[in-house]
Every structure is written in C-alpha cells, then in structure tokens.
Amino acid sequence: MRFENPKQLKHMLCRYEVASGYQLCFKKNDTKRLLVLCCDGACSFRLWASWMGDEKSLQIKSLQPDHNCARNLKMRSIVSCAWIGSHFTKKTMHRQKLSHRQLRLEVMTNFGIDVSDGQCRRAKKCALSIIEGDIKEHYARLWSYGEEIRRSNPRSTAKMDTNLTSDGTNDFSKFYVCFAGLKKDWMDGCRRVIGLDGCFLKGICKVELLAVVGSDANNHIFPIAWCVVNVENKENWKWFLNLLIDDLDLVIGNGLTLMSDQHKGLIEAVKDLMPHVEHRQYARHIFSNFGKKYPGALFENMFWAASKATTEVAFQSEMK
C-alpha cells in the first residue's frame, strides 16, 4: 500500500486502532520511515513503511497484522486531540457550548473508546481552530465570488466593503448581492411592496444577514437582494438601501410600500434615503409592545381585527 505522506498513513492507523481496539505506538517516526508496534511489548503486530523516492510515496514494506494481546478501549497512544477534533468539527460549530465532558461522552458513544477530559478539551480547541481557519479562507475568497457573480450573471450587483486596520490589513465589513434576473423580474412583474429585515448568522463569525423580499402575483415571497454585515445599525442599513435604490430604481420611494420591524437604525435610514415611501411596520412587533400596556385576550382580539380591517365597518364585522 502506498500513501502520499506519513501524515496520511498515521491517520489511517489511528482509524484502525479505534476500530480494532488495539493500542499502537510509533517506534520510529520521521519523514522517511515509520515503524509501528503494538503497545503491548509481547504482541506480534508490526508495520514498517519507508519513503520511495522514485514514486514520491510512503510505502508499507512489511506488515504482521495479527495481535496476540487483549483489546483496550482506553486509547492513550496515537488517538490524538487533533483526530478527535477533526471528527467533531461540524458538531462543535453548531454547538459551541459543547463541554469537554459532553464531548467525551460523544466519543464513547460514536467510537466506543474512552479518552480523557484533557484530550477532549484540547480536541475542542483543535476543532475551533479548524473552523476559524476555514471561515477565514472562505471570507478571503469573497472577492473572487463577487467577480464570478458578475461574470456568470451580467448586470448583477455584487459589492464588497472592508475596514482598514492599524496593521494595514483589510477586515470584512459588508457584502451585498442582487442578481440581475431577480431585480428585473421584480420591476417587471411584482407588486411595489418590499419587506426588510435582518437576522443573526450562527457560527464562529458573529455577523448578520440583511434581506429584502417582495410579493409576486401569486402572493408568494419573492427574494430580491441580501447583504451580510458585521452589525445591524443605521450606517449598514444606509449602505444596503443605497445599493437597493440603484438596483430597483426606487429614487426617493414614490409609489413604494415598505414593511419592516421597529429597528431604529432602519427607520432612520429609510427616512433619510426614501422620505416619500409608505413605511409600515410588522403587526407582530407592534403587538409585542401593545400587549405590555393592554394585556388580555379581549385587547388581543381587537388588535388583530384592527390589523386586518381596512375600514371601521370591516373592523366591526371582524369583532362580531
């Protein structure tokens, strides 16, 4: 068997150790040779591999696969924290509050091996470093992603904004995307009603997603544009709205109805950039404040009847 490098062979040996339950030790371990024996000194297992210069690969030269020792589920040899972390990277990303004790139980449940709390603590650090490194690489490719959008989707908008740090590097600030097909279809066939809102993105990077959607002829949600920002504030909303106004030709908001929550930064940005827009707020957000002052089922029913009615007569009929 041939491997690209010693690291690849070590990874496979680690998986073999976990699957079989036998502990292995590296007696010789460098870039050109690898000697693996069973940690039980009397066991006959032996693997010898060396580097093949002509073929540029690490080849197993001899192997005695049989064991004559007892299995041991306490892996103290080549099952490293990096190996554990690589198997629980996704789980660590989605459950950042996962404790090392919970991780130890997960390792026992999934692989049937007993590892120490210290190994699990270091494994979580390895998993987080893998996640952070991957995310940094992904954010570094946003320039290329924007160029690809503009190349493959002509007349689409993809804007990137960064902050210049004191050491001369650029940190991510904002990224905006609006595909040409979406903006054209909204302008040609959708109602002039849009909804704006933001939400938190879970993960290592604590950023927020700002999105604008419309309503099509079938009264279905129609996505228009979205933006990833470092924080939801007036400055970032103004940056987002400026690009949206240019893409959809909204000018100062004449003939447009905009729905949003009660975020102060968004309300102020809309007043500055689109003073003639018909700005309305979601009934659910208004009710959350209304219910604090007027609690009870009676006021709740009256509120929702008023939110659905367009005239006083319609309100009276809703209350009957």
# chains A, B, ... in the order shown; residues from 1 in each chain; ligands from 1
>>> residues_around(residues="Val212 (chain A)", least_positions_apart="4", cutoff="12 Å", atoms="only C-alpha atoms", output="PyMOL selection string")
chain A and resi 176-178+182-183+186+193-199+221-227+237+240-241+243-245+248+258-260
>>> select_by_dssp(residues="region 187-257 of chain A", states="strand (DSSP E or B)", output="list in words")
Val193, Ile194, Gly195, Leu196, Asp197, Gly198, Cys199, Phe200, Glu208, Leu209, Leu210, Ala211, Val212, Val213, Gly214, Ser215, Ile221, Phe222, Pro223, Ile224, Ala225, Trp226, Cys227, Val228, Val229 and Thr257 of chain A
>>> residues_around(residues="region 21-30 of chain A", least_positions_apart="6", cutoff="12 Å", atoms="only C-alpha atoms", output="PyMOL selection string")
chain A and resi 5-7+9-10+12-15+36-41+43-51+58+65-79+111-114
>>> atom_distance(atom1="CA of Lys174 (chain A)", atom2="CA of Val228 (chain A)")
5.6 Å
>>> residues_around(residues="Leu105 (chain A)", least_positions_apart="4", cutoff="12 Å", atoms="only C-alpha atoms", output="VMD selection string")
chain A and resid 98 to 101 109 to 117 120
>>> write_last_selection(atoms="all heavy atoms", output="tab-separated table (two decimals), in the first residue's frame")
chain	number	residue	atom	x	y	z
A	98	LEU	N	-20.68	23.16	23.65
A	98	LEU	CA	-20.44	21.75	23.96
A	98	LEU	C	-19.26	21.63	24.92
A	98	LEU	O	-18.14	22.05	24.61
A	98	LEU	CB	-20.15	20.99	22.66
A	98	LEU	CG	-19.87	19.48	22.77
A	98	LEU	CD1	-21.14	18.74	23.14
A	98	LEU	CD2	-19.31	18.94	21.47
A	99	SER	N	-19.49	21.08	26.10
A	99	SER	CA	-18.42	20.96	27.09
A	99	SER	C	-17.53	19.77	26.77
A	99	SER	O	-17.89	18.88	25.99
A	99	SER	CB	-19.03	20.80	28.49
A	99	SER	OG	-19.71	19.57	28.60
A	100	HIS	N	-16.34	19.75	27.39
A	100	HIS	CA	-15.41	18.65	27.12
A	100	HIS	C	-15.94	17.34	27.70
A	100	HIS	O	-15.64	16.26	27.19
A	100	HIS	CB	-14.02	18.97	27.68
A	100	HIS	CG	-13.99	19.22	29.15
A	100	HIS	ND1	-14.25	20.45	29.71
A	100	HIS	CD2	-13.76	18.38	30.18
A	100	HIS	CE1	-14.14	20.37	31.02
A	100	HIS	NE2	-13.86	19.13	31.34
A	101	ARG	N	-16.76	17.43	28.76
A	101	ARG	CA	-17.36	16.21	29.31
A	101	ARG	C	-18.41	15.64	28.35
A	101	ARG	O	-18.52	14.42	28.17
A	101	ARG	CB	-17.99	16.50	30.67
A	101	ARG	CG	-16.97	16.84	31.75
A	101	ARG	CD	-17.63	17.04	33.10
A	101	ARG	NE	-16.64	17.33	34.13
A	101	ARG	CZ	-16.18	18.54	34.42
A	101	ARG	NH1	-16.63	19.59	33.72
A	101	ARG	NH2	-15.28	18.72	35.36
A	109	THR	N	-19.78	7.21	22.75
A	109	THR	CA	-20.99	6.72	22.07
A	109	THR	C	-20.70	6.38	20.62
A	109	THR	O	-21.15	5.34	20.11
A	109	THR	CB	-22.10	7.78	22.15
A	109	THR	OG1	-22.36	8.10	23.52
A	109	THR	CG2	-23.37	7.27	21.50
A	110	ASN	N	-19.95	7.23	19.92
A	110	ASN	CA	-19.73	7.05	18.48
A	110	ASN	C	-18.64	6.04	18.16
A	110	ASN	O	-18.75	5.31	17.16
A	110	ASN	CB	-19.38	8.39	17.83
A	110	ASN	CG	-20.55	9.37	17.85
A	110	ASN	OD1	-21.68	8.97	18.07
A	110	ASN	ND2	-20.28	10.63	17.65
A	111	PHE	N	-17.57	6.02	18.98
A	111	PHE	CA	-16.42	5.18	18.64
A	111	PHE	C	-16.15	4.08	19.67
A	111	PHE	O	-15.31	3.22	19.42
A	111	PHE	CB	-15.16	6.05	18.51
A	111	PHE	CG	-15.26	7.08	17.42
A	111	PHE	CD1	-15.45	8.41	17.73
A	111	PHE	CD2	-15.18	6.72	16.09
A	111	PHE	CE1	-15.54	9.37	16.73
A	111	PHE	CE2	-15.27	7.66	15.08
A	111	PHE	CZ	-15.46	8.99	15.41
A	112	GLY	N	-16.83	4.12	20.81
A	112	GLY	CA	-16.64	3.09	21.81
A	112	GLY	C	-15.28	3.11	22.49
A	112	GLY	O	-14.79	2.08	22.94
A	113	ILE	N	-14.64	4.29	22.55
A	113	ILE	CA	-13.34	4.40	23.21
A	113	ILE	C	-13.42	5.42	24.34
A	113	ILE	O	-14.25	6.33	24.32
A	113	ILE	CB	-12.24	4.81	22.21
A	113	ILE	CG1	-12.57	6.14	21.53
A	113	ILE	CG2	-12.03	3.73	21.17
A	113	ILE	CD1	-11.48	6.65	20.62
A	114	ASP	N	-12.56	5.24	25.30
A	114	ASP	CA	-12.53	6.12	26.48
A	114	ASP	C	-11.31	7.03	26.37
A	114	ASP	O	-10.17	6.56	26.34
A	114	ASP	CB	-12.47	5.26	27.75
A	114	ASP	CG	-12.52	6.11	29.01
A	114	ASP	OD1	-12.97	7.28	28.92
A	114	ASP	OD2	-12.12	5.63	30.08
A	115	VAL	N	-11.57	8.33	26.30
A	115	VAL	CA	-10.50	9.32	26.25
A	115	VAL	C	-10.60	10.21	27.47
A	115	VAL	O	-11.62	10.25	28.15
A	115	VAL	CB	-10.57	10.16	24.95
A	115	VAL	CG1	-10.28	9.29	23.74
A	115	VAL	CG2	-11.92	10.83	24.81
A	116	SER	N	-9.55	10.94	27.76
A	116	SER	CA	-9.51	11.77	28.96
A	116	SER	C	-10.20	13.11	28.72
A	116	SER	O	-10.41	13.54	27.58
A	116	SER	CB	-8.06	11.99	29.39
A	116	SER	OG	-7.37	12.75	28.41
A	117	ASP	N	-10.54	13.80	29.82
A	117	ASP	CA	-11.11	15.13	29.72
A	117	ASP	C	-10.13	16.10	29.09
A	117	ASP	O	-10.52	17.01	28.33
A	117	ASP	CB	-11.50	15.64	31.12
A	117	ASP	CG	-12.72	14.92	31.67
A	117	ASP	OD1	-13.43	14.26	30.87
A	117	ASP	OD2	-12.98	15.01	32.89
A	120	CYS	N	-10.20	15.79	25.33
A	120	CYS	CA	-11.41	16.40	24.78
A	120	CYS	C	-11.33	17.92	24.84
A	120	CYS	O	-11.83	18.60	23.93
A	120	CYS	CB	-12.64	15.90	25.54
A	120	CYS	SG	-12.99	14.15	25.28
>>> select_by_dssp(residues="region 252-317 of chain A", states="helix (DSSP H, G or I)", output="VMD selection string")
chain A and resid 264 to 273 283 to 293 297 to 308 312 to 317
>>> write_last_selection(atoms="N, CA, C and O atoms", output="short mmCIF file (atom, residue, chain, number, x, y, z; two decimals), in the first residue's frame")
data_model
loop_
_atom_site.label_atom_id
_atom_site.label_comp_id
_atom_site.auth_asym_id
_atom_site.auth_seq_id
_atom_site.Cartn_x
_atom_site.Cartn_y
_atom_site.Cartn_z
N LYS A 264 -34.43 50.95 15.09
CA LYS A 264 -34.27 52.41 14.97
C LYS A 264 -33.34 52.78 13.82
O LYS A 264 -33.58 53.76 13.10
N GLY A 265 -32.25 52.03 13.65
CA GLY A 265 -31.33 52.33 12.56
C GLY A 265 -31.98 52.22 11.21
O GLY A 265 -31.75 53.06 10.31
N LEU A 266 -32.84 51.21 11.02
CA LEU A 266 -33.53 51.03 9.74
C LEU A 266 -34.54 52.15 9.52
O LEU A 266 -34.64 52.70 8.41
N ILE A 267 -35.30 52.50 10.55
CA ILE A 267 -36.31 53.56 10.42
C ILE A 267 -35.65 54.89 10.03
O ILE A 267 -36.12 55.61 9.14
N GLU A 268 -34.53 55.21 10.67
CA GLU A 268 -33.84 56.47 10.37
C GLU A 268 -33.23 56.44 8.97
O GLU A 268 -33.24 57.45 8.26
N ALA A 269 -32.71 55.30 8.56
CA ALA A 269 -32.12 55.19 7.22
C ALA A 269 -33.18 55.37 6.14
O ALA A 269 -32.94 56.02 5.12
N VAL A 270 -34.36 54.79 6.36
CA VAL A 270 -35.46 54.93 5.39
C VAL A 270 -35.89 56.39 5.29
O VAL A 270 -36.14 56.92 4.21
N LYS A 271 -35.98 57.09 6.42
CA LYS A 271 -36.38 58.50 6.42
C LYS A 271 -35.37 59.35 5.64
O LYS A 271 -35.75 60.28 4.92
N ASP A 272 -34.09 59.03 5.76
CA ASP A 272 -33.06 59.82 5.08
C ASP A 272 -33.03 59.57 3.59
O ASP A 272 -32.84 60.51 2.79
N LEU A 273 -33.17 58.31 3.17
CA LEU A 273 -32.96 57.95 1.77
C LEU A 273 -34.25 57.87 0.96
O LEU A 273 -34.23 58.13 -0.25
N ALA A 283 -47.13 43.87 12.18
CA ALA A 283 -48.11 43.87 13.26
C ALA A 283 -47.60 43.09 14.47
O ALA A 283 -47.91 43.43 15.62
N ARG A 284 -46.83 42.05 14.21
CA ARG A 284 -46.34 41.24 15.33
C ARG A 284 -45.45 42.06 16.26
O ARG A 284 -45.51 41.90 17.49
N HIS A 285 -44.61 42.93 15.71
CA HIS A 285 -43.74 43.75 16.53
C HIS A 285 -44.52 44.84 17.26
O HIS A 285 -44.22 45.17 18.41
N ILE A 286 -45.53 45.39 16.59
CA ILE A 286 -46.36 46.39 17.25
C ILE A 286 -47.14 45.75 18.40
O ILE A 286 -47.26 46.33 19.49
N PHE A 287 -47.64 44.53 18.17
CA PHE A 287 -48.42 43.87 19.22
C PHE A 287 -47.58 43.52 20.44
O PHE A 287 -48.08 43.53 21.57
N SER A 288 -46.29 43.22 20.23
CA SER A 288 -45.44 42.89 21.37
C SER A 288 -45.35 44.06 22.35
O SER A 288 -45.28 43.87 23.57
N ASN A 289 -45.38 45.30 21.83
CA ASN A 289 -45.39 46.49 22.70
C ASN A 289 -46.81 46.82 23.15
O ASN A 289 -47.02 47.26 24.29
N PHE A 290 -47.78 46.61 22.27
CA PHE A 290 -49.19 46.88 22.61
C PHE A 290 -49.65 45.99 23.76
O PHE A 290 -50.36 46.43 24.67
N GLY A 291 -49.23 44.72 23.73
CA GLY A 291 -49.67 43.78 24.76
C GLY A 291 -49.14 44.08 26.15
O GLY A 291 -49.71 43.64 27.15
N LYS A 292 -48.03 44.81 26.22
CA LYS A 292 -47.49 45.17 27.53
C LYS A 292 -48.38 46.19 28.24
O LYS A 292 -48.54 46.14 29.47
N LYS A 293 -48.97 47.11 27.47
CA LYS A 293 -49.82 48.14 28.05
C LYS A 293 -51.27 47.71 28.15
O LYS A 293 -52.00 48.11 29.08
N ALA A 297 -57.01 38.79 26.51
CA ALA A 297 -57.48 38.24 25.25
C ALA A 297 -58.37 39.21 24.50
O ALA A 297 -58.38 39.24 23.26
N LEU A 298 -59.15 40.05 25.23
CA LEU A 298 -60.05 40.99 24.58
C LEU A 298 -59.28 41.99 23.72
O LEU A 298 -59.60 42.20 22.55
N PHE A 299 -58.24 42.59 24.31
CA PHE A 299 -57.45 43.56 23.55
C PHE A 299 -56.68 42.89 22.42
O PHE A 299 -56.46 43.48 21.36
N GLU A 300 -56.25 41.65 22.66
CA GLU A 300 -55.54 40.94 21.60
C GLU A 300 -56.42 40.70 20.39
O GLU A 300 -56.02 40.92 19.25
N ASN A 301 -57.67 40.26 20.64
CA ASN A 301 -58.60 40.04 19.52
C ASN A 301 -58.92 41.34 18.80
O ASN A 301 -59.03 41.38 17.57
N MET A 302 -59.08 42.43 19.57
CA MET A 302 -59.36 43.72 18.96
C MET A 302 -58.18 44.19 18.10
O MET A 302 -58.37 44.75 17.02
N PHE A 303 -56.99 43.95 18.58
CA PHE A 303 -55.81 44.38 17.83
C PHE A 303 -55.72 43.67 16.49
O PHE A 303 -55.52 44.31 15.44
N TRP A 304 -55.85 42.34 16.50
CA TRP A 304 -55.71 41.60 15.24
C TRP A 304 -56.88 41.86 14.30
O TRP A 304 -56.70 41.84 13.07
N ALA A 305 -58.06 42.15 14.85
CA ALA A 305 -59.18 42.53 13.99
C ALA A 305 -58.91 43.87 13.32
O ALA A 305 -59.19 44.07 12.13
N ALA A 306 -58.32 44.81 14.08
CA ALA A 306 -58.00 46.13 13.51
C ALA A 306 -56.89 46.03 12.47
O ALA A 306 -56.89 46.76 11.47
N SER A 307 -55.92 45.12 12.69
CA SER A 307 -54.81 45.00 11.74
C SER A 307 -55.26 44.41 10.41
O SER A 307 -54.65 44.69 9.36
N LYS A 308 -56.35 43.62 10.43
CA LYS A 308 -56.84 43.00 9.19
C LYS A 308 -57.88 43.85 8.49
O LYS A 308 -58.15 43.65 7.30
N GLU A 312 -63.62 51.11 9.25
CA GLU A 312 -64.26 50.91 10.56
C GLU A 312 -65.36 49.86 10.47
O GLU A 312 -65.55 49.06 11.39
N VAL A 313 -66.10 49.85 9.35
CA VAL A 313 -67.17 48.86 9.17
C VAL A 313 -66.57 47.45 9.13
O VAL A 313 -67.12 46.51 9.73
N ALA A 314 -65.46 47.30 8.43
CA ALA A 314 -64.81 45.99 8.38
C ALA A 314 -64.32 45.56 9.75
O ALA A 314 -64.38 44.37 10.10
N PHE A 315 -63.86 46.52 10.56
CA PHE A 315 -63.42 46.20 11.92
C PHE A 315 -64.59 45.71 12.75
O PHE A 315 -64.46 44.74 13.52
N GLN A 316 -65.76 46.37 12.64
CA GLN A 316 -66.93 45.96 13.42
C GLN A 316 -67.36 44.56 13.02
O GLN A 316 -67.77 43.75 13.87
N SER A 317 -67.28 44.28 11.72
CA SER A 317 -67.70 42.93 11.28
C SER A 317 -66.71 41.86 11.75
O SER A 317 -67.12 40.73 12.04
#
>>> residues_around(residues="Leu142 (chain A)", least_positions_apart="5", cutoff="10 Å", atoms="only C-alpha atoms", output="list in words")
Glu137, Glu147, Glu148, Ala158, Lys159, Met160, Phe172 and Phe175 of chain A
>>> residues_around(residues="Thr162 (chain A)", least_positions_apart="5", cutoff="6 Å", atoms="only C-alpha atoms", output="list in words")
Asn170, Asp171, Phe172 and Ser173 of chain A
>>> write_last_selection(atoms="N, CA and C atoms", output="PDB file, in the first residue's frame")
ATOM      1  N   ASN A 170      -7.017  44.288   5.702  1.00  0.00           N
ATOM      2  CA  ASN A 170      -8.432  44.587   5.493  1.00  0.00           C
ATOM      3  C   ASN A 170      -9.299  43.565   6.206  1.00  0.00           C
ATOM      4  N   ASP A 171     -10.227  44.046   7.021  1.00  0.00           N
ATOM      5  CA  ASP A 171     -11.185  43.188   7.700  1.00  0.00           C
ATOM      6  C   ASP A 171     -12.539  43.284   7.005  1.00  0.00           C
ATOM      7  N   PHE A 172     -13.263  42.173   6.997  1.00  0.00           N
ATOM      8  CA  PHE A 172     -14.578  42.137   6.364  1.00  0.00           C
ATOM      9  C   PHE A 172     -15.538  43.089   7.060  1.00  0.00           C
ATOM     10  N   SER A 173     -16.326  43.805   6.263  1.00  0.00           N
ATOM     11  CA  SER A 173     -17.341  44.709   6.806  1.00  0.00           C
ATOM     12  C   SER A 173     -18.724  44.388   6.247  1.00  0.00           C
TER      13      SER A 173
END
>>> atom_distance(atom1="CA of Ala19 (chain A)", atom2="CA of Ser86 (chain A)")
16.5 Å
>>> closest_residue(among="A:Asn233, A:Tyr294, A:Thr310, A:Val251", to="Met274 (chain A)", atoms="only C-alpha atoms")
A:Val251
>>> residues_around(residues="region 122-132 of chain A", least_positions_apart="2", cutoff="12 Å", atoms="only C-alpha atoms", output="compact mmCIF listing (two decimals) with N, CA, C and O atoms, in the first residue's frame")
# COMPACT_ATOMS: atom_id res chain seq x y z
N VAL A 79 -4.31 8.04 19.29
CA VAL A 79 -5.57 8.78 19.15
C VAL A 79 -5.36 10.16 19.75
O VAL A 79 -5.41 10.35 20.95
N SER A 80 -5.08 11.12 18.91
CA SER A 80 -4.71 12.45 19.38
C SER A 80 -5.93 13.36 19.45
O SER A 80 -7.01 13.05 18.94
N CYS A 81 -5.72 14.52 20.07
CA CYS A 81 -6.80 15.51 20.15
C CYS A 81 -7.14 16.04 18.77
O CYS A 81 -8.30 16.39 18.49
N ALA A 82 -6.15 16.11 17.86
CA ALA A 82 -6.43 16.57 16.50
C ALA A 82 -7.34 15.60 15.77
O ALA A 82 -8.22 16.02 15.00
N TRP A 83 -7.15 14.29 15.99
CA TRP A 83 -8.01 13.29 15.36
C TRP A 83 -9.43 13.40 15.88
O TRP A 83 -10.40 13.36 15.11
N ILE A 84 -9.59 13.57 17.17
CA ILE A 84 -10.93 13.72 17.75
C ILE A 84 -11.58 15.00 17.23
O ILE A 84 -12.74 15.01 16.85
N GLY A 85 -10.81 16.10 17.22
CA GLY A 85 -11.36 17.37 16.77
C GLY A 85 -11.80 17.35 15.32
O GLY A 85 -12.81 17.95 14.96
N SER A 86 -11.06 16.61 14.47
CA SER A 86 -11.42 16.55 13.05
C SER A 86 -12.75 15.83 12.83
O SER A 86 -13.45 16.11 11.86
N HIS A 87 -13.12 14.90 13.73
CA HIS A 87 -14.37 14.16 13.59
C HIS A 87 -15.56 14.91 14.18
O HIS A 87 -16.71 14.56 13.90
N PHE A 88 -15.30 15.92 15.01
CA PHE A 88 -16.39 16.65 15.66
C PHE A 88 -16.36 18.13 15.29
O PHE A 88 -16.82 18.96 16.06
N THR A 89 -15.83 18.44 14.11
CA THR A 89 -15.75 19.84 13.69
C THR A 89 -17.13 20.43 13.47
O THR A 89 -17.44 21.51 13.98
N LYS A 90 -17.98 19.74 12.72
CA LYS A 90 -19.31 20.27 12.43
C LYS A 90 -20.15 20.39 13.70
O LYS A 90 -20.87 21.37 13.89
N LYS A 91 -20.05 19.38 14.56
CA LYS A 91 -20.84 19.43 15.79
C LYS A 91 -20.37 20.56 16.69
O LYS A 91 -21.19 21.24 17.34
N THR A 92 -19.08 20.82 16.72
CA THR A 92 -18.56 21.93 17.52
C THR A 92 -19.00 23.26 16.96
O THR A 92 -19.28 24.20 17.71
N MET A 93 -19.09 23.37 15.63
CA MET A 93 -19.52 24.63 15.02
C MET A 93 -20.97 24.94 15.35
O MET A 93 -21.32 26.08 15.64
N HIS A 94 -21.82 23.90 15.35
CA HIS A 94 -23.24 24.12 15.63
C HIS A 94 -23.53 24.16 17.14
O HIS A 94 -24.54 24.74 17.55
N ARG A 95 -22.66 23.54 17.92
CA ARG A 95 -22.86 23.55 19.39
C ARG A 95 -21.58 24.05 20.05
O ARG A 95 -20.79 23.27 20.58
N GLN A 96 -21.40 25.37 20.02
CA GLN A 96 -20.16 25.94 20.54
C GLN A 96 -20.07 25.85 22.06
O GLN A 96 -18.99 25.99 22.62
N LYS A 97 -21.22 25.63 22.73
CA LYS A 97 -21.22 25.47 24.19
C LYS A 97 -21.05 24.01 24.60
O LYS A 97 -21.25 23.66 25.77
N LEU A 98 -20.68 23.16 23.65
CA LEU A 98 -20.44 21.75 23.96
C LEU A 98 -19.26 21.63 24.92
O LEU A 98 -18.14 22.05 24.61
N SER A 99 -19.49 21.08 26.10
CA SER A 99 -18.42 20.96 27.09
C SER A 99 -17.53 19.77 26.77
O SER A 99 -17.89 18.88 25.99
N HIS A 100 -16.34 19.75 27.39
CA HIS A 100 -15.41 18.65 27.12
C HIS A 100 -15.94 17.34 27.70
O HIS A 100 -15.64 16.26 27.19
N ARG A 101 -16.76 17.43 28.76
CA ARG A 101 -17.36 16.21 29.31
C ARG A 101 -18.41 15.64 28.35
O ARG A 101 -18.52 14.42 28.17
N GLN A 102 -19.20 16.53 27.75
CA GLN A 102 -20.18 16.08 26.75
C GLN A 102 -19.47 15.52 25.52
O GLN A 102 -19.92 14.53 24.94
N LEU A 103 -18.36 16.14 25.15
CA LEU A 103 -17.59 15.64 24.01
C LEU A 103 -17.01 14.26 24.31
O LEU A 103 -16.99 13.38 23.44
N ARG A 104 -16.57 14.05 25.54
CA ARG A 104 -16.04 12.74 25.93
C ARG A 104 -17.13 11.67 25.81
O ARG A 104 -16.86 10.55 25.34
N VAL A 107 -17.65 10.85 22.13
CA VAL A 107 -16.59 9.97 21.61
C VAL A 107 -16.85 8.52 22.02
O VAL A 107 -16.71 7.59 21.23
N VAL A 115 -11.57 8.33 26.30
CA VAL A 115 -10.50 9.32 26.25
C VAL A 115 -10.60 10.21 27.47
O VAL A 115 -11.62 10.25 28.15
N SER A 116 -9.55 10.94 27.76
CA SER A 116 -9.51 11.77 28.96
C SER A 116 -10.20 13.11 28.72
O SER A 116 -10.41 13.54 27.58
N ASP A 117 -10.54 13.80 29.82
CA ASP A 117 -11.11 15.13 29.72
C ASP A 117 -10.13 16.10 29.09
O ASP A 117 -10.52 17.01 28.33
N GLY A 118 -8.84 15.93 29.40
CA GLY A 118 -7.83 16.81 28.81
C GLY A 118 -7.75 16.68 27.30
O GLY A 118 -7.61 17.68 26.58
N GLN A 119 -7.84 15.44 26.80
CA GLN A 119 -7.84 15.22 25.35
C GLN A 119 -9.04 15.91 24.69
O GLN A 119 -8.92 16.53 23.65
N CYS A 120 -10.20 15.79 25.33
CA CYS A 120 -11.41 16.40 24.78
C CYS A 120 -11.33 17.92 24.84
O CYS A 120 -11.83 18.60 23.93
N ASP A 134 -11.02 27.69 8.30
CA ASP A 134 -11.85 27.51 7.12
C ASP A 134 -12.64 28.77 6.81
O ASP A 134 -12.76 29.19 5.65
N ILE A 135 -13.21 29.39 7.84
CA ILE A 135 -14.04 30.58 7.64
C ILE A 135 -13.19 31.74 7.14
O ILE A 135 -13.60 32.50 6.26
N LYS A 136 -11.98 31.89 7.67
CA LYS A 136 -11.09 32.95 7.19
C LYS A 136 -10.78 32.75 5.71
O LYS A 136 -10.74 33.72 4.93
N GLU A 137 -10.53 31.50 5.31
CA GLU A 137 -10.26 31.24 3.90
C GLU A 137 -11.48 31.56 3.03
O GLU A 137 -11.35 32.09 1.93
N HIS A 138 -12.67 31.23 3.54
CA HIS A 138 -13.89 31.50 2.78
C HIS A 138 -14.12 32.99 2.61
O HIS A 138 -14.47 33.46 1.52
N TYR A 139 -13.92 33.75 3.69
CA TYR A 139 -14.11 35.19 3.59
C TYR A 139 -13.06 35.82 2.66
O TYR A 139 -13.35 36.80 1.97
N GLY A 203 -22.50 30.70 14.23
CA GLY A 203 -21.17 30.22 13.85
C GLY A 203 -20.08 30.99 14.56
O GLY A 203 -20.34 31.75 15.51
N ILE A 204 -18.85 30.79 14.12
CA ILE A 204 -17.72 31.47 14.73
C ILE A 204 -17.78 32.97 14.49
O ILE A 204 -17.56 33.77 15.39
N CYS A 205 -18.07 33.37 13.26
CA CYS A 205 -18.15 34.79 12.92
C CYS A 205 -19.55 35.30 13.23
O CYS A 205 -20.52 34.87 12.61
N LYS A 206 -19.65 36.21 14.17
CA LYS A 206 -20.94 36.76 14.58
C LYS A 206 -21.33 37.90 13.66
O LYS A 206 -21.10 39.07 13.94
>>> decode(residues="region 168-179 of chain A", atoms="N, CA, C and O atoms", output="short mmCIF file (atom, residue, chain, number, x, y, z; two decimals), in the first residue's frame")
data_model
loop_
_atom_site.label_atom_id
_atom_site.label_comp_id
_atom_site.auth_asym_id
_atom_site.auth_seq_id
_atom_site.Cartn_x
_atom_site.Cartn_y
_atom_site.Cartn_z
N GLY A 168 -2.54 47.56 8.59
CA GLY A 168 -2.56 47.58 7.14
C GLY A 168 -3.35 46.49 6.46
O GLY A 168 -3.39 46.42 5.24
N THR A 169 -4.01 45.62 7.23
CA THR A 169 -4.81 44.55 6.65
C THR A 169 -6.27 44.99 6.53
O THR A 169 -6.70 45.95 7.18
N ASN A 170 -7.02 44.29 5.70
CA ASN A 170 -8.43 44.59 5.49
C ASN A 170 -9.30 43.56 6.21
O ASN A 170 -9.13 42.36 6.00
N ASP A 171 -10.23 44.05 7.02
CA ASP A 171 -11.18 43.19 7.70
C ASP A 171 -12.54 43.28 7.00
O ASP A 171 -12.92 44.34 6.51
N PHE A 172 -13.26 42.17 7.00
CA PHE A 172 -14.58 42.14 6.36
C PHE A 172 -15.54 43.09 7.06
O PHE A 172 -15.58 43.18 8.29
N SER A 173 -16.33 43.81 6.26
CA SER A 173 -17.34 44.71 6.81
C SER A 173 -18.72 44.39 6.25
O SER A 173 -19.65 44.12 7.00
N LYS A 174 -18.87 44.40 4.91
CA LYS A 174 -20.19 44.19 4.30
C LYS A 174 -20.04 43.52 2.94
O LYS A 174 -19.03 43.70 2.27
N PHE A 175 -21.06 42.75 2.56
CA PHE A 175 -21.09 42.11 1.24
C PHE A 175 -22.53 42.08 0.75
O PHE A 175 -23.42 41.58 1.45
N TYR A 176 -22.77 42.61 -0.45
CA TYR A 176 -24.12 42.77 -0.98
C TYR A 176 -24.25 42.01 -2.30
O TYR A 176 -23.32 42.05 -3.13
N VAL A 177 -25.39 41.34 -2.50
CA VAL A 177 -25.64 40.59 -3.74
C VAL A 177 -27.07 40.85 -4.20
O VAL A 177 -28.01 40.77 -3.40
N CYS A 178 -27.21 41.16 -5.49
CA CYS A 178 -28.52 41.26 -6.13
C CYS A 178 -28.38 40.76 -7.56
O CYS A 178 -27.71 41.40 -8.38
N PHE A 179 -28.99 39.62 -7.86
CA PHE A 179 -28.87 39.03 -9.20
C PHE A 179 -29.73 39.80 -10.20
O PHE A 179 -30.82 40.28 -9.87
#
